[in-house]
$ cat final14.txt   # compact mmCIF, C-alpha atoms and all ligand atoms
# COMPACT_ATOMS: atom_id res chain seq x y z
CA MET A 1 102.38 100.28 87.54
CA GLY A 2 99.90 98.62 85.21
CA THR A 3 100.54 98.38 81.51
CA GLU A 4 97.72 99.33 79.18
CA ALA A 5 96.26 96.46 77.20
CA GLY A 6 97.67 96.26 73.70
CA THR A 7 100.81 98.28 74.39
CA VAL A 8 104.20 96.66 74.52
CA LYS A 9 106.09 97.49 77.67
CA ILE A 10 109.71 98.22 76.87
CA MET A 11 112.06 97.82 79.78
CA PRO A 12 113.47 101.26 80.54
CA ASN A 13 117.17 101.83 80.49
CA PHE A 14 118.39 103.19 83.80
CA VAL A 15 121.43 105.11 82.59
CA ILE A 16 121.06 108.84 81.96
CA ARG A 17 119.79 109.49 78.45
CA TYR A 18 121.05 112.60 76.66
CA SER A 19 119.31 114.56 73.91
CA ASP A 20 121.30 114.91 70.70
CA ASP A 21 121.89 118.61 71.47
CA VAL A 22 123.21 117.99 74.96
CA GLN A 23 125.30 115.01 73.85
CA ALA A 24 126.86 117.11 71.08
CA ALA A 25 127.65 119.91 73.54
CA ARG A 26 129.17 117.41 75.98
CA SER A 27 131.38 115.88 73.25
CA ARG A 28 132.82 119.24 72.26
CA SER A 29 132.97 120.45 75.91
CA GLY A 30 130.65 123.30 74.99
CA PRO A 31 128.80 125.42 77.55
CA ILE A 32 125.72 123.70 79.03
CA VAL A 33 123.23 124.97 81.62
CA ALA A 34 121.19 122.41 83.56
CA LEU A 35 117.55 123.34 84.24
CA GLU A 36 115.09 121.67 86.59
CA SER A 37 111.58 120.47 85.80
CA THR A 38 109.86 120.69 89.22
CA ILE A 39 109.57 124.43 88.71
CA VAL A 40 107.68 123.62 85.49
CA ALA A 41 105.48 120.77 86.76
CA HIS A 42 104.84 121.92 90.33
CA GLY A 43 106.13 125.46 90.85
CA LEU A 44 104.36 127.48 88.16
CA PRO A 45 100.65 127.44 87.30
CA ARG A 46 99.32 126.16 83.99
CA PRO A 47 99.27 127.23 81.21
CA ASP A 48 102.12 129.69 81.89
CA ASN A 49 104.43 126.90 83.03
CA LEU A 50 105.04 125.46 79.55
CA ARG A 51 105.55 128.87 77.96
CA VAL A 52 108.02 129.80 80.70
CA ALA A 53 109.87 126.47 80.41
CA ARG A 54 110.45 127.23 76.72
CA GLU A 55 111.47 130.82 77.47
CA ILE A 56 114.08 129.68 80.01
CA GLU A 57 115.68 127.42 77.40
CA GLN A 58 115.60 130.22 74.82
CA VAL A 59 117.35 132.64 77.21
CA VAL A 60 120.12 130.07 77.72
CA ARG A 61 120.49 129.68 73.93
CA ASP A 62 120.44 133.45 73.39
CA HIS A 63 123.44 133.69 75.70
CA GLY A 64 125.40 131.08 73.80
CA ALA A 65 124.89 127.93 75.89
CA THR A 66 122.97 124.70 75.43
CA PRO A 67 120.02 124.19 77.82
CA ALA A 68 119.67 120.76 79.42
CA THR A 69 116.29 120.54 81.12
CA ILE A 70 116.33 117.42 83.27
CA GLY A 71 113.43 115.15 84.17
CA MET A 72 112.18 111.57 84.07
CA ILE A 73 110.10 110.13 81.24
CA GLY A 74 108.80 106.58 81.51
CA GLY A 75 111.41 105.75 84.13
CA GLU A 76 114.37 107.15 82.19
CA ILE A 77 116.40 110.09 83.42
CA ILE A 78 116.52 112.51 80.49
CA CYS A 79 119.20 115.19 80.32
CA GLY A 80 117.85 117.56 77.68
CA LEU A 81 114.07 117.06 77.49
CA ASP A 82 112.71 117.66 73.99
CA ASP A 83 109.62 119.79 73.46
CA GLU A 84 107.25 116.83 73.53
CA GLN A 85 108.73 115.57 76.81
CA LEU A 86 108.68 119.06 78.31
CA THR A 87 105.03 119.42 77.30
CA ARG A 88 104.25 116.07 78.90
CA LEU A 89 105.76 117.11 82.25
CA ALA A 90 104.08 120.53 82.08
CA THR A 91 100.59 119.31 81.22
CA ALA A 92 100.07 115.71 82.38
CA ASP A 93 98.37 114.92 85.66
CA GLY A 94 100.18 112.83 88.22
CA VAL A 95 103.74 113.88 87.37
CA ALA A 96 105.78 112.90 90.45
CA LYS A 97 108.01 115.38 92.27
CA LEU A 98 111.34 113.57 92.40
CA SER A 99 114.13 114.29 94.82
CA VAL A 100 117.34 112.24 94.72
CA ARG A 101 115.93 109.48 96.92
CA ASP A 102 112.93 109.02 94.64
CA LEU A 103 114.93 108.44 91.44
CA PRO A 104 115.50 104.67 91.77
CA VAL A 105 111.90 103.96 92.79
CA ALA A 106 110.39 106.09 90.03
CA ALA A 107 112.74 104.54 87.46
CA ALA A 108 111.83 100.99 88.45
CA ALA A 109 108.15 101.93 88.25
CA GLY A 110 108.57 103.56 84.82
CA LEU A 111 107.13 106.87 85.95
CA ASP A 112 107.12 110.38 84.56
CA GLY A 113 108.60 112.79 87.07
CA ALA A 114 109.95 116.27 87.57
CA THR A 115 113.33 116.79 89.21
CA THR A 116 113.94 119.25 92.07
CA VAL A 117 117.04 121.32 92.74
CA ALA A 118 118.44 118.34 94.66
CA SER A 119 117.95 115.70 91.97
CA THR A 120 118.71 118.05 89.07
CA SER A 121 122.01 119.01 90.75
CA ALA A 122 122.95 115.39 91.35
CA ILE A 123 122.11 114.37 87.77
CA ALA A 124 123.86 117.40 86.25
CA ALA A 125 127.01 116.71 88.27
CA ALA A 126 126.93 113.07 87.18
CA ALA A 127 126.64 114.30 83.58
CA GLY A 128 129.67 116.57 83.99
CA ILE A 129 127.59 119.76 83.79
CA GLY A 130 128.95 122.50 86.05
CA VAL A 131 126.22 125.17 86.04
CA PHE A 132 122.52 125.02 86.87
CA ALA A 133 119.87 127.76 86.94
CA THR A 134 116.73 127.75 89.08
CA GLY A 135 114.42 130.20 90.84
CA GLY A 136 114.96 129.81 94.56
CA LEU A 137 116.53 126.97 96.51
CA GLY A 138 114.65 124.88 99.02
CA GLY A 139 115.85 125.19 102.61
CA VAL A 140 114.86 125.14 106.25
CA HIS A 141 111.14 125.71 106.77
CA ARG A 142 109.94 128.24 109.33
CA ASP A 143 108.63 125.65 111.76
CA ALA A 144 111.54 123.25 111.24
CA ALA A 145 112.39 123.13 114.94
CA ARG A 146 109.10 121.26 115.39
CA THR A 147 108.62 119.56 111.99
CA PHE A 148 112.27 118.91 110.98
CA ASP A 149 111.23 120.08 107.50
CA GLU A 150 114.45 120.88 105.67
CA SER A 151 114.70 120.55 101.90
CA ALA A 152 116.91 117.80 100.53
CA ASP A 153 118.32 120.56 98.31
CA LEU A 154 120.65 121.48 101.19
CA GLY A 155 122.06 118.03 101.94
CA THR A 156 122.53 117.36 98.24
CA LEU A 157 124.39 120.65 97.69
CA GLY A 158 126.59 119.64 100.63
CA ARG A 159 127.96 116.72 98.62
CA THR A 160 127.48 117.72 94.97
CA ARG A 161 129.83 119.84 92.87
CA ILE A 162 127.54 122.16 90.99
CA ALA A 163 127.17 125.93 90.75
CA VAL A 164 123.50 126.84 91.24
CA VAL A 165 122.39 130.27 90.13
CA CYS A 166 119.33 131.25 92.17
CA ALA A 167 117.68 134.25 93.82
CA GLY A 168 118.65 132.89 97.23
CA VAL A 169 116.27 130.53 98.98
CA LYS A 170 112.52 130.80 98.72
CA SER A 171 111.23 133.58 100.95
CA ILE A 172 108.63 131.20 102.42
CA LEU A 173 111.52 129.65 104.38
CA ASP A 174 113.57 130.44 107.48
CA VAL A 175 116.39 132.30 105.75
CA PRO A 176 118.89 132.69 108.63
CA ALA A 177 118.50 129.02 109.61
CA THR A 178 119.06 128.03 105.98
CA LEU A 179 122.22 130.16 105.80
CA GLU A 180 123.50 128.42 108.96
CA ARG A 181 122.83 125.01 107.43
CA LEU A 182 124.58 125.98 104.19
CA GLU A 183 127.58 126.93 106.29
CA SER A 184 127.50 123.66 108.28
CA LEU A 185 127.21 121.63 105.09
CA GLY A 186 130.19 123.41 103.53
CA VAL A 187 128.25 124.95 100.65
CA THR A 188 129.94 128.02 99.12
CA VAL A 189 127.63 131.07 99.01
CA VAL A 190 128.48 134.00 96.73
CA GLY A 191 126.37 137.05 95.92
CA TYR A 192 126.34 138.33 92.37
CA ARG A 193 127.36 141.97 92.72
CA THR A 194 126.05 142.03 96.31
CA LEU A 195 127.02 141.10 99.85
CA ARG A 196 123.35 140.68 100.81
CA PHE A 197 121.71 137.30 100.48
CA PRO A 198 118.86 137.65 97.94
CA GLY A 199 115.30 137.04 99.18
CA PHE A 200 113.71 135.33 96.14
CA PHE A 201 110.49 137.39 95.60
CA ILE A 202 112.24 140.20 97.54
CA ALA A 203 115.59 141.68 96.44
CA ASP A 204 117.26 141.49 99.87
CA SER A 205 116.48 138.76 102.41
CA GLY A 206 117.84 141.01 105.18
CA TYR A 207 120.91 138.82 105.79
CA ALA A 208 124.54 139.42 104.89
CA ILE A 209 126.90 136.98 103.19
CA ASP A 210 130.69 136.85 103.14
CA TRP A 211 131.54 136.86 99.44
CA SER A 212 130.48 138.46 96.23
CA ALA A 213 131.51 138.24 92.59
CA ASP A 214 131.42 141.02 90.02
CA SER A 215 131.36 139.10 86.77
CA PRO A 216 130.50 135.74 85.19
CA THR A 217 134.24 135.33 84.56
CA GLN A 218 134.98 135.62 88.26
CA ILE A 219 132.36 132.97 89.08
CA ALA A 220 133.77 130.73 86.36
CA ALA A 221 137.20 131.12 88.00
CA MET A 222 135.72 129.94 91.32
CA ILE A 223 134.27 126.85 89.65
CA ARG A 224 137.58 126.12 87.94
CA ALA A 225 139.46 126.68 91.20
CA GLN A 226 137.23 124.18 92.97
CA ARG A 227 137.90 121.59 90.26
CA GLU A 228 141.64 122.17 90.15
CA GLN A 229 142.12 122.38 93.91
CA ASP A 230 140.09 119.18 94.14
CA VAL A 231 139.67 119.50 97.89
CA GLY A 232 135.96 120.22 98.21
CA GLY A 233 132.97 118.38 96.87
CA ALA A 234 130.16 120.77 97.63
CA GLY A 235 127.94 123.13 95.68
CA ILE A 236 128.46 126.81 94.96
CA VAL A 237 125.32 128.88 95.47
CA VAL A 238 125.37 132.02 93.32
CA GLY A 239 122.78 134.43 94.71
CA ASN A 240 121.48 136.67 91.92
CA PRO A 241 119.10 139.26 93.42
CA LEU A 242 116.22 140.93 91.64
CA PRO A 243 116.60 144.69 91.25
CA VAL A 244 114.52 146.39 93.97
CA GLU A 245 112.16 147.90 91.38
CA SER A 246 111.28 144.38 90.14
CA GLN A 247 110.58 142.76 93.50
CA LEU A 248 107.18 141.79 94.89
CA ASP A 249 105.80 144.48 97.18
CA PRO A 250 107.15 143.43 100.62
CA ALA A 251 103.87 144.21 102.41
CA LEU A 252 101.92 142.09 99.91
CA HIS A 253 104.57 139.39 100.28
CA ASP A 254 104.34 139.22 104.07
CA GLU A 255 100.56 139.29 104.10
CA THR A 256 100.31 136.55 101.44
CA LEU A 257 102.84 134.39 103.25
CA ALA A 258 100.98 134.74 106.56
CA THR A 259 97.67 133.62 105.03
CA GLY A 260 99.44 130.83 103.14
CA LEU A 261 101.11 129.48 106.27
CA SER A 262 97.85 129.46 108.23
CA LEU A 263 95.95 127.77 105.36
CA MET A 264 98.72 125.19 105.20
CA GLU A 265 98.37 124.51 108.90
CA SER A 266 94.58 124.24 108.80
CA GLN A 267 94.65 121.95 105.75
CA GLY A 268 97.39 119.77 107.24
CA VAL A 269 99.75 120.17 104.28
CA THR A 270 103.12 118.50 104.96
CA GLY A 271 106.18 116.98 103.28
CA LYS A 272 106.90 117.58 99.62
CA ALA A 273 103.49 119.23 99.14
CA VAL A 274 104.46 122.26 101.28
CA THR A 275 106.51 124.21 98.73
CA PRO A 276 104.10 123.72 95.77
CA PHE A 277 101.18 124.62 98.08
CA LEU A 278 102.72 127.90 99.23
CA LEU A 279 103.86 128.90 95.73
CA ALA A 280 100.39 128.14 94.32
CA HIS A 281 98.87 130.22 97.11
CA PHE A 282 101.09 133.17 96.16
CA HIS A 283 100.29 132.84 92.47
CA SER A 284 96.52 132.60 93.03
CA SER A 285 96.23 135.39 95.59
CA THR A 286 98.44 138.15 94.16
CA GLN A 287 96.60 138.66 90.82
CA GLY A 288 99.54 137.27 88.91
CA ARG A 289 102.11 139.58 90.50
CA SER A 290 104.12 136.85 92.24
CA LEU A 291 104.02 134.82 89.03
CA ALA A 292 105.48 137.68 87.00
CA VAL A 293 108.21 138.13 89.62
CA ASN A 294 108.93 134.39 89.73
CA VAL A 295 109.29 134.27 85.93
CA ASP A 296 111.57 137.32 85.99
CA ILE A 297 113.76 135.62 88.63
CA ILE A 298 114.14 132.43 86.60
CA LEU A 299 114.90 134.16 83.31
CA ARG A 300 117.52 136.40 84.92
CA ASN A 301 119.14 133.38 86.55
CA ALA A 302 119.14 131.45 83.27
CA ALA A 303 120.91 134.37 81.56
CA LEU A 304 123.59 134.63 84.26
CA ALA A 305 124.08 130.85 84.35
CA ALA A 306 124.62 130.80 80.58
CA GLN A 307 127.16 133.63 80.83
CA ILE A 308 129.02 131.67 83.53
CA ALA A 309 128.95 128.46 81.46
CA VAL A 310 130.32 130.36 78.44
CA ALA A 311 133.06 131.93 80.60
CA LEU A 312 134.04 128.46 81.86
N1 LIG B 401 112.27 127.54 92.68
C1 LIG B 401 111.12 128.10 92.19
N2 LIG B 401 110.01 127.30 92.14
C2 LIG B 401 110.03 125.97 92.53
C3 LIG B 401 111.23 125.40 93.05
C4 LIG B 401 112.33 126.24 93.08
O1 LIG B 401 111.09 129.29 91.84
O2 LIG B 401 109.02 125.28 92.44
C5 LIG B 401 111.26 123.94 93.48
C6 LIG B 401 112.66 123.36 93.30
O3 LIG B 401 112.53 122.19 92.53
C7 LIG B 401 113.12 123.03 94.70
C8 LIG B 401 111.82 122.65 95.34
O4 LIG B 401 114.07 122.01 94.73
O5 LIG B 401 110.95 123.70 94.87
C9 LIG B 401 111.95 122.60 96.85
O6 LIG B 401 110.99 121.71 97.35
P1 LIG B 401 111.16 121.12 98.83
O7 LIG B 401 111.02 122.31 99.73
O8 LIG B 401 110.01 120.15 99.00
O9 LIG B 401 112.48 120.46 98.90
MN MN B 402 110.28 119.53 102.80
$ encode --input "final14.txt" --output "structure tokens"
Amino acid sequence: MGTEAGTVKIMPNFVIRYSDDVQAARSRSGPIVALESTIVAHGLPRPDNLRVAREIEQVVRDHGATPATIGMIGGEIICGLDDEQLTRLATADGVAKLSVRDLPVAAAAGLDGATTVASTSAIAAAAGIGVFATGGLGGVHRDAARTFDESADLGTLGRTRIAVVCAGVKSILDVPATLERLESLGVTVVGYRTLRFPGFFIADSGYAIDWSADSPTQIAAMIRAQREQDVGGAGIVVGNPLPVESQLDPALHDETLATGLSLMESQGVTGKAVTPFLLAHFHSSTQGRSLAVNVDIILRNAALAAQIAVAL
């Protein structure tokens, strides 16, 4: 990384840096909800991304919790991005997509970066934050038997104590294979008022799960039980489905996914570019419908996550 002429390069500090708000909430053991920044930098199109990032935080506040949006600024892990930092990640070009394995490299290079479900979970757990809200988890991709493409979100949740409120895994993925991997990795999966695994853009993925919870209090009890039992170190996935009337039209969904997958193949898109590519394809080819659904998903998850954090 070059340093611009005339600017003084300050050596970044590699410990997690907390905003005043988040630090105050941590000191009084107040309710905090972790939020990721990849959804802002790479998952949602501009200029909606910045507006939505602010709305997510506001929903958390409206439900009585402190939002802690996590990301990297100039090599420092920030827990509780301020508005200027959030704007920087939402609008700057070249913001890196950072999974857990990228954090040390990006820090040493002094980069700006957005954190995924994997890295946000790991950082939140290290910060003592128990609840995290996102849109949809990463998982096993549809051609994983050939490509081995499985999101690091899964492995990280297999070893990180965090409750992640999500609308299941992204519907661009192989849902049954992802559910199998979550089971192998020992990740708890609970439906919020449902025994069907949510399907992200679609209310029901078509697959059943073993457990459901009826209230934020019940989910908070599960989190507390895990801490007090102290015999498991994995994540708790809380699947919060969209109401059917709010989902993306399933026919439009399947058609858009099919064209997206074939474009991806013909353009040779691989690795960490796959998920942003497919989401961008949805957002650009559904006249804003998938975007509206995606925003709805995130805001609903932020509200439930805040209720759980308050109940804890
Ligand atoms: N949920 C969304 N939009 C997103 C993501 C989740 O509604 O953009 C991001 C999360 O950061 C998740 C990442 O961790 O997509 C998965 O990327 P990959 O498949 O490369 O692991
Ligand atoms: Mn991948």
$ closest_atom_pairs --input "final14.txt" --of "chain A" --to "ligand LIG 401 (chain B)" --cutoff "9 Å" --atoms "only C-alpha atoms and all ligand atoms" --output "Markdown table"
| residue | atom | partner | partner_atom | distance |
| --- | --- | --- | --- | --- |
| A:Glu36 | CA | B:LIG401 | O3 | 6.5 |
| A:Ser37 | CA | B:LIG401 | O3 | 7.0 |
| A:Thr38 | CA | B:LIG401 | O3 | 4.5 |
| A:Ile39 | CA | B:LIG401 | O2 | 3.9 |
| A:Val40 | CA | B:LIG401 | O2 | 7.3 |
| A:Ala41 | CA | B:LIG401 | O2 | 8.1 |
| A:His42 | CA | B:LIG401 | O2 | 5.8 |
| A:Gly43 | CA | B:LIG401 | O2 | 3.3 |
| A:Leu44 | CA | B:LIG401 | O2 | 6.7 |
| A:Lys97 | CA | B:LIG401 | O3 | 8.2 |
| A:Leu98 | CA | B:LIG401 | O3 | 8.7 |
| A:Ser99 | CA | B:LIG401 | O9 | 7.6 |
| A:Ala114 | CA | B:LIG401 | O3 | 8.1 |
| A:Thr115 | CA | B:LIG401 | O3 | 6.4 |
| A:Thr116 | CA | B:LIG401 | O3 | 3.3 |
| A:Val117 | CA | B:LIG401 | O4 | 3.6 |
| A:Ala118 | CA | B:LIG401 | O4 | 5.7 |
| A:Ser119 | CA | B:LIG401 | O4 | 7.9 |
| A:Thr120 | CA | B:LIG401 | O3 | 8.2 |
| A:Thr134 | CA | B:LIG401 | N1 | 5.7 |
| A:Gly135 | CA | B:LIG401 | O1 | 3.6 |
| A:Gly136 | CA | B:LIG401 | N1 | 4.0 |
| A:Leu137 | CA | B:LIG401 | C4 | 5.5 |
| A:Gly138 | CA | B:LIG401 | C9 | 4.1 |
| A:Gly139 | CA | B:LIG401 | O7 | 6.3 |
| A:Val140 | CA | B:LIG401 | O7 | 8.1 |
| A:His141 | CA | B:LIG401 | O7 | 7.8 |
| A:Asp149 | CA | B:LIG401 | O7 | 8.1 |
| A:Glu150 | CA | B:LIG401 | O7 | 7.0 |
| A:Ser151 | CA | B:LIG401 | O9 | 3.7 |
| A:Ala152 | CA | B:LIG401 | O9 | 5.4 |
| A:Asp153 | CA | B:LIG401 | O4 | 5.7 |
| A:Leu154 | CA | B:LIG401 | O9 | 8.5 |
| A:Cys166 | CA | B:LIG401 | N1 | 8.0 |
| A:Ala167 | CA | B:LIG401 | O1 | 8.5 |
| A:Val169 | CA | B:LIG401 | N1 | 8.0 |
| A:Lys170 | CA | B:LIG401 | N1 | 6.9 |
| A:Leu173 | CA | B:LIG401 | O7 | 8.7 |
| A:Phe200 | CA | B:LIG401 | O1 | 7.9 |
| A:Phe201 | CA | B:LIG401 | O1 | 9.0 |
| A:Gly271 | CA | B:LIG401 | O8 | 6.6 |
| A:Lys272 | CA | B:LIG401 | O8 | 4.1 |
| A:Ala273 | CA | B:LIG401 | O8 | 6.6 |
| A:Val274 | CA | B:LIG401 | O8 | 6.4 |
| A:Thr275 | CA | B:LIG401 | O7 | 5.0 |
| A:Pro276 | CA | B:LIG401 | O2 | 6.1 |
| A:Leu279 | CA | B:LIG401 | O2 | 7.1 |
| A:Asn294 | CA | B:LIG401 | O1 | 5.9 |
| A:Val295 | CA | B:LIG401 | O1 | 7.9 |
| A:Ile297 | CA | B:LIG401 | O1 | 7.6 |
| A:Ile298 | CA | B:LIG401 | O1 | 6.8 |
$ residues_around --input "final14.txt" --residues "Gly74 (chain A)" --least-positions-apart "2" --cutoff "10 Å" --atoms "all atoms listed in the file" --output "ChimeraX atom specification"
/A:10-13,72,76-78,106-113
$ write_last_selection --input "final14.txt" --atoms "C-alpha atoms" --output "compact mmCIF listing (two decimals), in the frame of the given file"
# COMPACT_ATOMS: atom_id res chain seq x y z
CA ILE A 10 109.71 98.22 76.87
CA MET A 11 112.06 97.82 79.78
CA PRO A 12 113.47 101.26 80.54
CA ASN A 13 117.17 101.83 80.49
CA MET A 72 112.18 111.57 84.07
CA GLU A 76 114.37 107.15 82.19
CA ILE A 77 116.40 110.09 83.42
CA ILE A 78 116.52 112.51 80.49
CA ALA A 106 110.39 106.09 90.03
CA ALA A 107 112.74 104.54 87.46
CA ALA A 108 111.83 100.99 88.45
CA ALA A 109 108.15 101.93 88.25
CA GLY A 110 108.57 103.56 84.82
CA LEU A 111 107.13 106.87 85.95
CA ASP A 112 107.12 110.38 84.56
CA GLY A 113 108.60 112.79 87.07
$ atom_distance --input "final14.txt" --atom1 "CA of Asp254 (chain A)" --atom2 "CA of Arg146 (chain A)"
21.8 Å
$ atom_distance --input "final14.txt" --atom1 "CA of Leu263 (chain A)" --atom2 "CA of Ala292 (chain A)"
22.9 Å
$ residues_around --input "final14.txt" --residues "Val165 (chain A)" --least-positions-apart "5" --cutoff "10 Å" --atoms "only C-alpha atoms" --output "list in words"
Val131, Phe132, Ala133, Thr134, Gly135, Gly136, Leu137, Val190, Gly191, Tyr192, Ile236, Val237, Val238, Gly239, Asn240, Ile298, Arg300, Asn301, Ala302, Ala303, Leu304, Ala305, Ala306 and Ile308 of chain A
$ residues_around --input "final14.txt" --residues "Leu252 (chain A)" --least-positions-apart "6" --cutoff "10 Å" --atoms "only C-alpha atoms" --output "VMD selection string"
chain A and resid 258 282 285 to 286 289 to 290
$ write_last_selection --input "final14.txt" --atoms "C-alpha atoms" --output "PDB file, in the frame of the given file"
ATOM      1  CA  ALA A 258     100.980 134.740 106.560  1.00  0.00           C
ATOM      2  CA  PHE A 282     101.090 133.170  96.160  1.00  0.00           C
ATOM      3  CA  SER A 285      96.230 135.390  95.590  1.00  0.00           C
ATOM      4  CA  THR A 286      98.440 138.150  94.160  1.00  0.00           C
ATOM      5  CA  ARG A 289     102.110 139.580  90.500  1.00  0.00           C
ATOM      6  CA  SER A 290     104.120 136.850  92.240  1.00  0.00           C
TER       7      SER A 290
END
$ closest_atom_pairs --input "final14.txt" --of "region 116-178 of chain A" --to "region 15-30 of chain A" --cutoff "9 Å" --atoms "all atoms listed in the file" --output "tab-separated table"
residue	atom	partner	partner_atom	distance
A:Ile123	CA	A:Ile16	CA	8.1
A:Ala126	CA	A:Ile16	CA	8.9
A:Ala127	CA	A:Ile16	CA	8.0
A:Gly128	CA	A:Arg26	CA	8.1
A:Ile129	CA	A:Arg26	CA	8.3
$ closest_residue --input "final14.txt" --among "A:Asp82, A:Asp62, A:Asp143, A:Asp48" --to "ligand MN 402 (chain B)" --atoms "only C-alpha atoms and all ligand atoms"
A:Asp143
$ residues_around --input "final14.txt" --residues "region 203-209 of chain A" --least-positions-apart "3" --cutoff "7 Å" --atoms "all atoms listed in the file" --output "PyMOL selection string"
chain A and resi 195-200+241-244+247
$ residues_around --input "final14.txt" --residues "Leu157 (chain A)" --least-positions-apart "5" --cutoff "8 Å" --atoms "only C-alpha atoms" --output "list in words"
Ala118, Ser121, Ile162, Leu185, Val187, Ala234, Gly235 and Ile236 of chain A
$ closest_residue --input "final14.txt" --among "A:Ala144, A:Ser246, A:Gln58, A:Ala163" --to "ligand MN 402 (chain B)" --atoms "all atoms listed in the file"
A:Ala144
$ closest_residue --input "final14.txt" --among "A:Ser284, A:Thr66, A:Ser215, A:Thr87" --to "Gly260 (chain A)" --atoms "only C-alpha atoms"
A:Ser284
$ axis_aligned_box --input "final14.txt" --around "region 237-245 of chain A" --padding-each-side "3 Å" --output "AutoDock Vina command-line options"
--center_x 118.8 --center_y 138.4 --center_z 93.4 --size_x 19.2 --size_y 25.0 --size_z 10.2
$ atom_distance --input "final14.txt" --atom1 "CA of Val231 (chain A)" --atom2 "CA of Cys79 (chain A)"
27.3 Å
$ closest_residue --input "final14.txt" --among "A:Gly268, A:Pro176, A:Gly64, A:Pro45" --to "Gln307 (chain A)" --atoms "all atoms listed in the file"
A:Gly64
$ closest_residue --input "final14.txt" --among "A:Pro47, A:Gly80, A:Gly155, A:Gly94" --to "ligand MN 402 (chain B)" --atoms "only C-alpha atoms and all ligand atoms"
A:Gly155
$ closest_residue --input "final14.txt" --among "A:Ile32, A:Ala96, A:Leu278, A:Ala68" --to "Ala311 (chain A)" --atoms "only C-alpha atoms"
A:Ile32
$ build_atoms --input "final14.txt" --residues "region 214-226 of chain A" --atoms "N, CA and C atoms" --output "compact mmCIF listing (two decimals), in the coordinates of the input"
# COMPACT_ATOMS: atom_id res chain seq x y z
N ASP A 214 131.83 139.90 90.85
CA ASP A 214 131.42 141.02 90.02
C ASP A 214 131.11 140.65 88.58
N SER A 215 131.53 139.45 88.18
CA SER A 215 131.36 139.10 86.77
C SER A 215 131.19 137.59 86.61
N PRO A 216 130.58 137.17 85.49
CA PRO A 216 130.50 135.74 85.19
C PRO A 216 131.90 135.10 85.14
N THR A 217 132.88 135.86 84.66
CA THR A 217 134.24 135.33 84.56
C THR A 217 134.79 134.98 85.94
N GLN A 218 134.49 135.86 86.90
CA GLN A 218 134.98 135.62 88.26
C GLN A 218 134.33 134.36 88.86
N ILE A 219 133.05 134.17 88.58
CA ILE A 219 132.36 132.97 89.08
C ILE A 219 132.91 131.73 88.40
N ALA A 220 133.18 131.85 87.09
CA ALA A 220 133.77 130.73 86.36
C ALA A 220 135.13 130.36 86.96
N ALA A 221 135.88 131.39 87.38
CA ALA A 221 137.20 131.12 88.00
C ALA A 221 137.03 130.35 89.31
N MET A 222 135.97 130.67 90.06
CA MET A 222 135.72 129.94 91.32
C MET A 222 135.42 128.47 91.03
N ILE A 223 134.63 128.23 90.00
CA ILE A 223 134.27 126.85 89.65
C ILE A 223 135.52 126.08 89.22
N ARG A 224 136.34 126.75 88.41
CA ARG A 224 137.58 126.12 87.94
C ARG A 224 138.54 125.88 89.11
N ALA A 225 138.59 126.84 90.02
CA ALA A 225 139.46 126.68 91.20
C ALA A 225 139.02 125.48 92.02
N GLN A 226 137.72 125.33 92.19
CA GLN A 226 137.23 124.18 92.97
C GLN A 226 137.64 122.86 92.31
